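As provided, data-v3.txt (compact mmCIF, C-alpha atoms) reads as follows.
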```
# COMPACT_ATOMS: atom_id res chain seq x y z
CA MET N 1 2.33 23.05 26.61
CA ILE N 2 3.50 22.08 23.13
CA ARG N 3 4.03 25.08 20.79
CA HIS N 4 4.86 25.15 17.08
CA LEU N 5 7.23 27.93 16.08
CA LYS N 6 7.28 26.57 12.51
CA THR N 7 4.85 24.20 10.80
CA ALA N 8 4.98 22.06 7.65
CA ARG N 9 2.62 21.39 4.75
CA SER N 10 -0.69 19.84 5.71
CA ALA N 11 -1.38 16.13 5.60
CA GLU N 12 -4.08 16.81 3.00
CA ALA N 13 -1.61 18.42 0.59
CA ARG N 14 0.80 15.52 1.01
CA ALA N 15 -2.03 13.03 0.30
CA GLU N 16 -2.79 14.76 -3.02
CA ASP N 17 0.84 14.32 -4.07
CA ASP N 18 0.68 10.63 -3.16
CA ALA N 19 -2.45 10.11 -5.24
CA ARG N 20 -0.82 11.50 -8.38
CA VAL N 21 2.20 9.24 -7.94
CA ARG N 22 0.00 6.21 -7.31
CA ALA N 23 -1.89 6.56 -10.61
CA SER N 24 1.28 7.02 -12.64
CA VAL N 25 2.99 3.98 -11.13
CA GLU N 26 0.01 1.71 -11.67
CA GLY N 27 0.01 2.37 -15.40
CA ILE N 28 3.75 1.84 -15.78
CA LEU N 29 3.74 -1.48 -13.89
CA SER N 30 0.86 -2.72 -16.04
CA ASP N 31 2.88 -1.86 -19.14
CA ILE N 32 5.94 -3.77 -17.85
CA GLU N 33 3.81 -6.81 -17.04
CA ALA N 34 2.22 -6.75 -20.50
CA ARG N 35 5.23 -5.97 -22.69
CA GLY N 36 8.25 -7.07 -20.66
CA ASP N 37 11.63 -6.07 -22.08
CA ALA N 38 10.09 -3.78 -24.69
CA ALA N 39 8.36 -1.71 -22.01
CA VAL N 40 11.47 -1.61 -19.84
CA ARG N 41 13.56 -0.40 -22.78
CA ASP N 42 11.03 2.28 -23.70
CA LEU N 43 10.88 3.50 -20.10
CA SER N 44 14.65 3.59 -19.74
CA GLN N 45 14.97 5.59 -22.92
CA ARG N 46 12.17 7.93 -21.85
CA PHE N 47 13.38 8.64 -18.31
CA ASP N 48 17.16 8.12 -18.55
CA ALA N 49 17.92 8.40 -22.28
CA TYR N 50 19.61 5.00 -21.94
CA SER N 51 19.00 1.94 -24.12
CA PRO N 52 21.99 -0.43 -24.19
CA GLU N 53 22.10 -3.81 -25.88
CA SER N 54 21.74 -5.40 -22.43
CA PHE N 55 20.84 -3.80 -19.10
CA ARG N 56 22.80 -6.51 -17.30
CA LEU N 57 26.47 -5.62 -17.02
CA SER N 58 29.03 -8.13 -18.28
CA GLU N 59 32.17 -9.02 -16.33
CA GLN N 60 34.15 -6.82 -18.68
CA GLU N 61 31.83 -3.86 -18.05
CA ILE N 62 32.10 -4.38 -14.30
CA GLU N 63 35.89 -4.49 -14.46
CA ALA N 64 35.90 -1.36 -16.61
CA ALA N 65 33.77 0.45 -14.03
CA LEU N 66 36.08 -0.60 -11.19
CA SER N 67 39.08 0.69 -13.12
CA ARG N 68 37.53 4.17 -13.11
CA VAL N 69 37.28 4.32 -9.31
CA SER N 70 40.28 5.64 -7.38
CA LYS N 71 42.14 3.45 -4.90
CA ARG N 72 41.10 5.77 -2.05
CA ASP N 73 37.44 5.45 -2.98
CA LEU N 74 37.71 1.67 -3.29
CA ASP N 75 39.41 1.51 0.12
CA ASP N 76 36.67 3.68 1.65
CA ILE N 77 33.94 1.50 0.13
CA ARG N 78 35.74 -1.58 1.46
CA PHE N 79 35.96 -0.01 4.96
CA ALA N 80 32.25 0.88 5.00
CA GLN N 81 31.24 -2.59 3.80
CA THR N 82 33.35 -4.17 6.53
CA GLN N 83 31.43 -2.20 9.16
CA VAL N 84 28.06 -3.15 7.67
CA ARG N 85 29.09 -6.80 7.27
CA THR N 86 30.43 -7.04 10.82
CA PHE N 87 27.24 -5.71 12.40
CA ALA N 88 25.06 -7.89 10.13
CA GLU N 89 27.07 -10.96 11.14
CA HIS N 90 26.48 -10.17 14.81
CA GLN N 91 22.79 -9.73 14.09
CA LYS N 92 22.63 -13.09 12.33
CA ALA N 93 24.42 -14.76 15.24
CA SER N 94 21.64 -13.52 17.52
CA MET N 95 19.13 -15.61 15.55
CA ARG N 96 19.16 -19.36 15.91
CA ASP N 97 17.27 -22.39 14.74
CA VAL N 98 15.15 -24.01 17.43
CA GLU N 99 14.22 -27.63 18.13
CA VAL N 100 12.61 -28.63 21.42
CA GLU N 101 10.73 -31.64 22.82
CA THR N 102 7.64 -29.90 24.23
CA LEU N 103 6.00 -33.16 25.34
CA PRO N 104 7.39 -36.71 25.42
CA GLY N 105 7.77 -37.78 21.79
CA ILE N 106 6.69 -34.42 20.31
CA ILE N 107 9.35 -32.31 18.62
CA LEU N 108 8.71 -28.73 17.49
CA GLY N 109 11.19 -26.49 15.77
CA HIS N 110 11.89 -23.68 13.39
CA ARG N 111 14.53 -22.95 10.79
CA ASN N 112 15.68 -19.54 9.62
CA ILE N 113 15.87 -19.90 5.83
CA PRO N 114 17.24 -17.17 3.53
CA VAL N 115 15.05 -15.78 0.77
CA ASN N 116 16.23 -17.36 -2.49
CA ALA N 117 16.40 -14.27 -4.72
CA VAL N 118 16.47 -10.59 -3.80
CA GLY N 119 16.44 -7.44 -5.92
CA CYS N 120 18.40 -4.55 -4.40
CA TYR N 121 17.59 -1.10 -5.74
CA VAL N 122 20.26 1.60 -5.39
CA PRO N 123 19.03 5.16 -6.08
CA GLY N 124 20.98 7.37 -8.41
CA GLY N 125 18.86 10.48 -9.09
CA LYS N 126 20.33 13.69 -7.69
CA TYR N 127 22.95 11.79 -5.71
CA PRO N 128 24.67 8.47 -6.51
CA MET N 129 23.73 6.51 -3.37
CA VAL N 130 26.81 4.28 -3.20
CA ALA N 131 26.09 3.45 0.44
CA SER N 132 22.74 1.86 -0.42
CA ALA N 133 24.63 -0.96 -2.12
CA HIS N 134 26.38 -1.78 1.15
CA MET N 135 23.15 -1.76 3.11
CA SER N 136 21.22 -4.11 0.85
CA VAL N 137 23.70 -6.29 -1.04
CA VAL N 138 26.13 -6.93 1.81
CA THR N 139 23.35 -7.61 4.32
CA ALA N 140 21.55 -9.99 1.96
CA LYS N 141 24.74 -11.94 1.36
CA VAL N 142 25.44 -12.21 5.10
CA ALA N 143 21.92 -13.64 5.47
CA GLY N 144 22.76 -16.30 2.87
CA VAL N 145 20.65 -15.12 -0.09
CA LYS N 146 21.72 -17.23 -3.08
CA ARG N 147 20.89 -14.76 -5.87
CA VAL N 148 21.24 -11.03 -5.33
CA VAL N 149 20.33 -8.77 -8.24
CA ALA N 150 21.44 -5.14 -7.81
CA SER N 151 20.17 -2.32 -9.99
CA ALA N 152 20.94 1.39 -10.24
CA PRO N 153 20.11 4.01 -12.89
CA PRO N 154 22.71 5.28 -15.34
CA GLN N 155 24.54 8.54 -14.66
CA ASN N 156 25.32 10.66 -17.72
CA GLY N 157 24.43 7.80 -20.03
CA ALA N 158 26.54 5.09 -18.39
CA PRO N 159 26.71 2.94 -15.24
CA HIS N 160 28.02 4.92 -12.26
CA PRO N 161 31.49 3.44 -11.57
CA ALA N 162 31.44 3.76 -7.77
CA ILE N 163 27.95 2.26 -7.48
CA VAL N 164 28.96 -0.66 -9.69
CA ALA N 165 32.10 -1.12 -7.57
CA ALA N 166 30.07 -1.17 -4.36
CA MET N 167 27.58 -3.68 -5.79
CA HIS N 168 30.34 -5.95 -7.05
CA MET N 169 32.44 -5.73 -3.88
CA GLY N 170 29.32 -6.35 -1.80
CA GLY N 171 28.73 -9.67 -3.58
CA ALA N 172 25.96 -8.97 -6.11
CA ASP N 173 25.41 -11.91 -8.46
CA GLU N 174 23.84 -9.79 -11.21
CA ILE N 175 24.22 -6.05 -11.78
CA LEU N 176 21.73 -4.07 -13.84
CA CYS N 177 22.07 -0.51 -15.08
CA LEU N 178 18.40 0.32 -14.84
CA GLY N 179 16.55 2.89 -12.77
CA GLY N 180 13.20 3.86 -11.34
CA ILE N 181 9.92 2.02 -11.70
CA GLN N 182 11.27 0.06 -14.65
CA ALA N 183 14.02 -1.42 -12.45
CA VAL N 184 11.89 -2.58 -9.54
CA GLY N 185 9.10 -3.62 -11.91
CA ALA N 186 11.43 -5.74 -14.05
CA MET N 187 13.05 -7.39 -11.03
CA ALA N 188 9.71 -8.18 -9.39
CA LEU N 189 7.64 -9.18 -12.42
CA GLY N 190 10.40 -10.59 -14.59
CA THR N 191 10.89 -10.06 -18.30
CA GLU N 192 12.27 -12.11 -21.17
CA SER N 193 15.83 -11.25 -20.09
CA ILE N 194 15.46 -10.68 -16.33
CA LYS N 195 14.47 -13.55 -14.09
CA PRO N 196 12.11 -12.39 -11.32
CA VAL N 197 13.17 -12.14 -7.68
CA ASP N 198 11.26 -13.04 -4.52
CA MET N 199 11.87 -9.82 -2.61
CA LEU N 200 12.66 -6.14 -3.29
CA VAL N 201 14.72 -3.96 -0.96
CA GLY N 202 16.34 -0.56 -0.99
CA PRO N 203 15.30 3.10 -0.88
CA GLY N 204 14.21 5.23 -3.81
CA ASN N 205 12.18 8.26 -4.82
CA ALA N 206 8.41 8.52 -4.42
CA PHE N 207 7.81 6.54 -7.63
CA VAL N 208 10.10 3.67 -6.61
CA ALA N 209 8.53 3.56 -3.14
CA GLU N 210 5.03 3.47 -4.62
CA ALA N 211 6.04 0.76 -7.10
CA LYS N 212 7.30 -1.39 -4.24
CA ARG N 213 4.04 -0.79 -2.39
CA GLN N 214 1.97 -1.90 -5.38
CA LEU N 215 4.18 -4.94 -5.99
CA TYR N 216 3.99 -6.08 -2.36
CA GLY N 217 2.24 -9.42 -2.22
CA ARG N 218 3.65 -10.61 -5.53
CA VAL N 219 7.04 -10.17 -3.91
CA GLY N 220 8.16 -9.33 -0.42
CA ILE N 221 9.61 -5.92 0.36
CA ASP N 222 11.76 -4.56 3.14
CA LEU N 223 9.35 -1.78 4.15
CA PHE N 224 7.17 1.04 2.83
CA ALA N 225 9.58 3.93 2.39
CA GLY N 226 8.83 7.60 1.88
CA PRO N 227 11.08 10.67 1.75
CA THR N 228 13.96 10.86 4.21
CA GLU N 229 12.87 12.16 7.62
CA THR N 230 14.95 13.55 10.45
CA MET N 231 14.17 14.76 13.93
CA VAL N 232 16.53 16.48 16.34
CA ILE N 233 15.63 16.23 20.02
CA ALA N 234 17.78 18.75 21.86
CA ASP N 235 18.12 20.80 25.01
CA GLU N 236 20.58 23.52 25.94
CA SER N 237 23.38 21.00 26.38
CA VAL N 238 24.04 21.68 22.67
CA ASP N 239 23.97 24.80 20.52
CA ALA N 240 22.12 26.04 17.46
CA GLU N 241 24.94 25.32 15.01
CA ILE N 242 24.94 21.57 15.61
CA CYS N 243 21.12 21.42 15.59
CA ALA N 244 20.83 23.36 12.33
CA THR N 245 23.61 21.33 10.71
CA ASP N 246 21.94 18.03 11.59
CA LEU N 247 18.57 19.25 10.29
CA LEU N 248 19.89 20.50 6.96
CA GLY N 249 22.23 17.53 6.57
CA GLN N 250 19.14 15.40 5.95
CA ALA N 251 16.91 18.06 4.38
CA GLU N 252 19.25 18.06 1.38
CA HIS N 253 17.99 14.57 0.45
CA GLY N 254 15.03 16.09 -1.36
CA PRO N 255 12.45 18.88 -1.35
CA THR N 256 9.90 16.75 0.51
CA SER N 257 12.15 15.56 3.36
CA PRO N 258 10.74 16.50 6.79
CA ALA N 259 13.22 18.00 9.26
CA VAL N 260 11.91 18.60 12.78
CA LEU N 261 13.45 20.18 15.88
CA VAL N 262 11.89 19.23 19.21
CA THR N 263 13.27 21.11 22.19
CA ASN N 264 12.42 22.35 25.68
CA SER N 265 14.30 25.59 25.06
CA GLU N 266 12.62 28.39 23.14
CA LYS N 267 15.98 30.16 23.07
CA LEU N 268 17.60 27.19 21.30
CA ALA N 269 14.61 26.92 18.97
CA ARG N 270 14.82 30.53 17.80
CA GLU N 271 18.60 30.45 17.51
CA THR N 272 18.37 27.27 15.41
CA ILE N 273 15.89 28.89 13.01
CA GLU N 274 18.35 31.77 12.58
CA GLU N 275 21.28 29.38 12.13
CA VAL N 276 19.39 27.39 9.49
CA GLU N 277 19.01 30.58 7.44
CA ARG N 278 22.72 31.36 7.81
CA LEU N 279 23.73 27.86 6.70
CA LEU N 280 21.34 27.98 3.75
CA SER N 281 23.31 30.98 2.47
CA ILE N 282 26.47 28.89 2.16
CA LEU N 283 25.38 25.25 1.78
CA PRO N 284 26.15 23.90 -1.75
CA THR N 285 22.89 21.92 -1.71
CA ALA N 286 20.88 24.86 -0.37
CA GLU N 287 18.37 24.88 -3.23
CA ILE N 288 17.03 21.47 -2.26
CA ALA N 289 17.47 21.91 1.49
CA ARG N 290 15.73 25.30 1.45
CA ALA N 291 12.64 23.89 -0.25
CA SER N 292 12.55 21.01 2.21
CA TRP N 293 12.93 23.31 5.22
CA ARG N 294 10.36 25.78 3.87
CA ASP N 295 7.64 23.20 3.20
CA TYR N 296 8.45 20.36 5.60
CA GLY N 297 10.52 21.88 8.39
CA GLU N 298 9.05 22.11 11.88
CA VAL N 299 10.20 23.60 15.18
CA ILE N 300 8.33 22.41 18.25
CA VAL N 301 8.91 23.77 21.77
CA CYS N 302 7.87 21.72 24.79
CA ASP N 303 7.81 22.46 28.51
CA SER N 304 9.37 19.18 29.62
CA TYR N 305 11.30 16.12 28.53
CA GLU N 306 8.11 14.10 28.95
CA GLU N 307 6.34 16.34 26.41
CA MET N 308 9.32 15.99 24.07
CA LEU N 309 8.93 12.21 24.32
CA VAL N 310 5.20 12.42 23.54
CA VAL N 311 5.87 14.54 20.44
CA SER N 312 8.64 12.25 19.21
CA GLU N 313 6.50 9.14 19.65
CA ASP N 314 3.66 10.75 17.68
CA ILE N 315 5.90 11.79 14.78
CA ALA N 316 7.82 8.46 14.75
CA SER N 317 10.58 9.88 12.58
CA GLU N 318 12.93 7.79 10.46
CA HIS N 319 16.08 9.30 11.99
CA VAL N 320 16.12 10.68 15.52
CA GLN N 321 19.19 12.60 16.69
CA VAL N 322 19.05 12.90 20.51
CA MET N 323 21.33 15.50 22.08
CA THR N 324 20.28 16.13 25.68
CA ASP N 325 21.56 15.69 29.19
CA ARG N 326 19.55 12.44 29.40
CA ASP N 327 20.09 10.59 26.11
CA ASP N 328 19.81 7.16 27.74
CA TRP N 329 16.39 8.10 29.16
CA PHE N 330 15.14 8.62 25.61
CA LEU N 331 16.74 5.33 24.52
CA GLU N 332 14.90 3.50 27.31
CA ASN N 333 11.54 5.18 26.72
CA MET N 334 11.24 5.73 22.97
CA THR N 335 9.37 3.01 21.07
CA SER N 336 8.54 4.49 17.64
CA TYR N 337 11.36 5.51 15.29
CA GLY N 338 13.64 4.21 12.56
CA ALA N 339 17.05 4.58 14.19
CA LEU N 340 18.44 6.57 17.12
CA PHE N 341 21.64 8.61 17.09
CA LEU N 342 22.57 9.33 20.68
CA GLY N 343 24.72 12.26 21.70
CA PRO N 344 26.44 15.07 19.81
CA ARG N 345 29.46 12.91 18.86
CA THR N 346 27.39 10.85 16.43
CA ASN N 347 24.98 11.89 13.70
CA VAL N 348 22.68 10.54 11.00
CA ALA N 349 25.34 10.78 8.28
CA TYR N 350 27.45 8.20 10.15
CA GLY N 351 24.52 5.77 9.98
CA ASP N 352 23.79 6.68 6.38
CA LYS N 353 27.28 5.99 5.10
CA VAL N 354 29.73 4.10 7.24
CA ILE N 355 29.24 3.23 10.91
CA GLY N 356 27.63 -0.17 10.25
CA THR N 357 23.94 0.11 11.12
CA ASN N 358 21.56 -0.09 8.17
CA HIS N 359 20.27 3.11 6.61
CA THR N 360 17.12 1.66 5.01
CA LEU N 361 14.60 2.66 7.67
CA PRO N 362 10.84 3.07 8.19
CA THR N 363 9.22 6.41 7.30
CA LYS N 364 5.71 7.87 7.44
CA LYS N 365 5.23 6.64 11.03
CA ALA N 366 5.96 3.01 10.08
CA GLY N 367 8.40 2.92 13.00
CA ARG N 368 5.31 2.26 15.12
CA TYR N 369 5.19 -1.32 13.79
CA THR N 370 8.47 -2.17 12.08
CA GLY N 371 12.18 -1.61 12.31
CA GLY N 372 14.52 -1.04 9.39
CA LEU N 373 16.33 -3.35 7.02
CA TRP N 374 18.56 -5.86 8.78
CA VAL N 375 19.84 -9.37 8.22
CA GLY N 376 16.63 -10.83 9.67
CA LYS N 377 14.53 -9.27 6.89
CA PHE N 378 16.18 -11.69 4.45
CA LEU N 379 15.44 -14.72 6.62
CA LYS N 380 12.12 -16.54 6.76
CA THR N 381 11.36 -18.39 9.98
CA HIS N 382 9.63 -21.67 9.10
CA SER N 383 8.26 -24.06 11.72
CA TYR N 384 8.12 -27.86 11.64
CA GLN N 385 6.90 -30.70 13.83
CA LYS N 386 7.67 -34.37 14.40
CA VAL N 387 5.80 -36.95 16.48
CA LEU N 388 8.22 -39.73 17.39
CA THR N 389 6.18 -42.30 19.32
CA ASP N 390 2.84 -44.10 19.01
CA GLU N 391 1.90 -42.92 22.50
CA ALA N 392 2.51 -39.28 21.62
CA ALA N 393 0.53 -39.56 18.36
CA ALA N 394 -2.47 -41.05 20.14
CA MET N 395 -2.32 -38.65 23.09
CA ILE N 396 -2.14 -35.46 21.04
CA GLY N 397 -4.68 -36.95 18.60
CA ARG N 398 -7.36 -37.29 21.29
CA TYR N 399 -7.01 -33.64 22.25
CA CYS N 400 -6.97 -32.61 18.60
CA SER N 401 -10.10 -34.59 17.74
CA ARG N 402 -12.15 -33.03 20.53
CA LEU N 403 -10.93 -29.51 19.72
CA CYS N 404 -11.71 -29.96 16.01
CA MET N 405 -15.27 -31.07 16.81
CA LEU N 406 -15.65 -28.07 19.13
CA GLU N 407 -15.29 -25.99 15.97
CA GLY N 408 -17.33 -28.32 13.76
CA PHE N 409 -14.41 -29.54 11.64
CA ALA N 410 -15.23 -33.23 11.19
CA GLY N 411 -12.61 -33.79 8.50
CA HIS N 412 -9.95 -32.24 10.68
CA ALA N 413 -11.06 -34.49 13.53
CA GLU N 414 -10.73 -37.58 11.38
CA GLN N 415 -7.12 -36.66 10.61
CA ALA N 416 -6.55 -37.03 14.33
CA ASN N 417 -8.82 -40.04 14.77
CA VAL N 418 -7.05 -42.18 12.18
CA ARG N 419 -3.81 -41.72 14.16
CA VAL N 420 -5.56 -42.53 17.44
CA ARG N 421 -6.90 -45.76 15.93
CA ARG N 422 -3.58 -46.78 14.36
CA TYR N 423 -1.20 -45.79 17.11
CA GLY N 424 -3.33 -45.88 20.25
CA GLY N 425 -5.59 -48.85 19.59
CA ASP N 426 -8.68 -46.76 20.34
CA ASN N 427 -11.81 -47.54 18.35
CA VAL N 428 -12.71 -44.03 17.26
CA PRO N 429 -14.81 -44.36 14.09
CA TYR N 430 -15.49 -41.42 11.77
CA ALA N 431 -19.20 -41.58 12.60
CA GLU N 432 -18.56 -40.97 16.30
CA ALA N 433 -16.23 -38.08 15.55
CA ALA N 434 -18.90 -36.48 13.40
CA GLU N 435 -21.65 -36.72 16.03
```

Can you dump the structure from the file as structure tokens?
Amino acid sequence: MIRHLKTARSAEARAEDDARVRASVEGILSDIEARGDAAVRDLSQRFDAYSPESFRLSEQEIEAALSRVSKRDLDDIRFAQTQVRTFAEHQKASMRDVEVETLPGIILGHRNIPVNAVGCYVPGGKYPMVASAHMSVVTAKVAGVKRVVASAPPQNGAPHPAIVAAMHMGGADEILCLGGIQAVGAMALGTESIKPVDMLVGPGNAFVAEAKRQLYGRVGIDLFAGPTETMVIADESVDAEICATDLLGQAEHGPTSPAVLVTNSEKLARETIEEVERLLSILPTAEIARASWRDYGEVIVCDSYEEMLVVSEDIASEHVQVMTDRDDWFLENMTSYGALFLGPRTNVAYGDKVIGTNHTLPTKKAGRYTGGLWVGKFLKTHSYQKVLTDEAAAMIGRYCSRLCMLEGFAGHAEQANVRVRRYGGDNVPYAEAAE
């Protein structure tokens, strides 16, 4: 039997929040589309008190930002980007162009073609998300994207030096100091000074996520992203301290970040609830984490590992930390999640910052139908065909003509018939095809 020792806010309450965000974003995007740079400047001044001569950083401004980052920090950024780049390169190597002769004289193939221009958003709100630059910019460049535009909001009235460093070192072709809806709106819609992109990627707050959702179709996006989510699946092979630490380590992202413990041990569940309260008394980010845990924290006790699997598949959390005596069993059987972190030696923070897997992941149960950002998201797979011989053109044409007429498409059939007549010598007039 599945039992809830702690529950979160209802789905209805969350939906009301989403509706308010949706209306606000729609109006702002309409303003950007109508007024371009003027709207972007007004919004930047309104939300960030920032209105420079140009939102695009010059080479001199980029160099100045790099000069304000310590050697240790630059080395750490370089190390993290190497891990991300290495894994992305292996991912790209797993994808290949295809060309095959499926029938004599008939060649089918596909090419993996990079998106031409991508806008990478790097959040800056409560925390300067330096790592997001690695995840989007580096991965896009490994995929072969020709033009990568990276944008992050100002911090204290100026570009954040470490974020600028990470964007530049990752290979960004253009760097903007611009945040929120105005950043993703300007990159997607274009303005007088910002050329539009073909795709938007990167995490952000609820307003950025909703802006990407509304812009989808005009541009591609990586995925529909909501607040950070974490789930800990644990049994008594681990203790309450590590469970509570891993829950609060992600709850500090924001006051609406779900953090869920799923366990088959009521003892561990109750001890973890107690340990969460102890850690909240000393955690520097406790104000945010406490609100998240209060409103979105859950503790679920199951009778078996099979029930734990059922619960985890239903929640489909963005991050799933598995710490049990059968981690590989969960790896083999889980199908709906963003990323797995297997065993107590690893944790979500490794994936967020440095280990090499991408931290832009599906939320709000999107793990049921998509994975996270990876090099393949920046590649479009386009098919092509060639017919090399007269015999092949006539043979496939006869099949095509009959199948077109089965559906009533006479014009389609004639496309086939003209090839049959020219290359096969068959007398197949339009009138017969249309009968």

The distance between CA of Glu61 (chain N) and CA of Gly179 (chain N) is 17.5 Å

Give one line per residue of region 347-420 of chain N that approaches region 96-113 of chain N to at most 12 Å, naming the two atoms of the closest pair and their distance in Å to one decimal, counting all atoms listed in the file; sort by chain then ascending residue number and deliver it as CSV.
```
residue,atom,partner,partner_atom,distance
N:Val375,CA,N:Asn112,CA,11.1
N:Gly376,CA,N:Asn112,CA,8.8
N:Lys377,CA,N:Asn112,CA,10.7
N:Phe378,CA,N:Ile113,CA,8.3
N:Leu379,CA,N:Ile113,CA,5.3
N:Lys380,CA,N:Ile113,CA,5.1
N:Thr381,CA,N:Asn112,CA,4.5
N:His382,CA,N:His110,CA,5.2
N:Ser383,CA,N:His110,CA,4.0
N:Tyr384,CA,N:Gly109,CA,5.3
N:Gln385,CA,N:Leu108,CA,4.5
N:Lys386,CA,N:Ile107,CA,5.0
N:Val387,CA,N:Ile106,CA,4.7
N:Leu388,CA,N:Gly105,CA,4.8
N:Thr389,CA,N:Gly105,CA,5.4
N:Asp390,CA,N:Gly105,CA,8.5
N:Glu391,CA,N:Gly105,CA,7.8
N:Ala392,CA,N:Gly105,CA,5.5
N:Ala393,CA,N:Gly105,CA,8.2
N:Ala394,CA,N:Gly105,CA,10.9
N:Met395,CA,N:Pro104,CA,10.2
N:Ile396,CA,N:Ile106,CA,8.9
N:Gly397,CA,N:Ile106,CA,11.8
```

Output file for the selection above: C-alpha atoms, as a PDB file, in the coordinates of the input:
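Final output, out_26.pdb:
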```
ATOM      1  CA  VAL N 375      19.840  -9.370   8.220  1.00  0.00           C
ATOM      2  CA  GLY N 376      16.630 -10.830   9.670  1.00  0.00           C
ATOM      3  CA  LYS N 377      14.530  -9.270   6.890  1.00  0.00           C
ATOM      4  CA  PHE N 378      16.180 -11.690   4.450  1.00  0.00           C
ATOM      5  CA  LEU N 379      15.440 -14.720   6.620  1.00  0.00           C
ATOM      6  CA  LYS N 380      12.120 -16.540   6.760  1.00  0.00           C
ATOM      7  CA  THR N 381      11.360 -18.390   9.980  1.00  0.00           C
ATOM      8  CA  HIS N 382       9.630 -21.670   9.100  1.00  0.00           C
ATOM      9  CA  SER N 383       8.260 -24.060  11.720  1.00  0.00           C
ATOM     10  CA  TYR N 384       8.120 -27.860  11.640  1.00  0.00           C
ATOM     11  CA  GLN N 385       6.900 -30.700  13.830  1.00  0.00           C
ATOM     12  CA  LYS N 386       7.670 -34.370  14.400  1.00  0.00           C
ATOM     13  CA  VAL N 387       5.800 -36.950  16.480  1.00  0.00           C
ATOM     14  CA  LEU N 388       8.220 -39.730  17.390  1.00  0.00           C
ATOM     15  CA  THR N 389       6.180 -42.300  19.320  1.00  0.00           C
ATOM     16  CA  ASP N 390       2.840 -44.100  19.010  1.00  0.00           C
ATOM     17  CA  GLU N 391       1.900 -42.920  22.500  1.00  0.00           C
ATOM     18  CA  ALA N 392       2.510 -39.280  21.620  1.00  0.00           C
ATOM     19  CA  ALA N 393       0.530 -39.560  18.360  1.00  0.00           C
ATOM     20  CA  ALA N 394      -2.470 -41.050  20.140  1.00  0.00           C
ATOM     21  CA  MET N 395      -2.320 -38.650  23.090  1.00  0.00           C
ATOM     22  CA  ILE N 396      -2.140 -35.460  21.040  1.00  0.00           C
ATOM     23  CA  GLY N 397      -4.680 -36.950  18.600  1.00  0.00           C
TER      24      GLY N 397
END
```

N:Lys92, N:Arg78, N:Arg85, N:Arg20: which is nearest Ala166 (chain N), counting all atoms listed in the file? N:Arg78

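Compared by their closest atoms to Asp75 (chain N), and using all atoms listed in the file, the residues N:Ala162, N:Asp325, N:Ile288, N:Ala225 rank with N:Ala162 nearest.
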
Within 10 Å of Gln155 (chain N), counting all atoms listed in the file, which residues show up once you throw out same-chain ones fewer than 6 positions away? Write them as a PyMOL selection string, please. chain N and resi 48+50+124-128+161+177+179
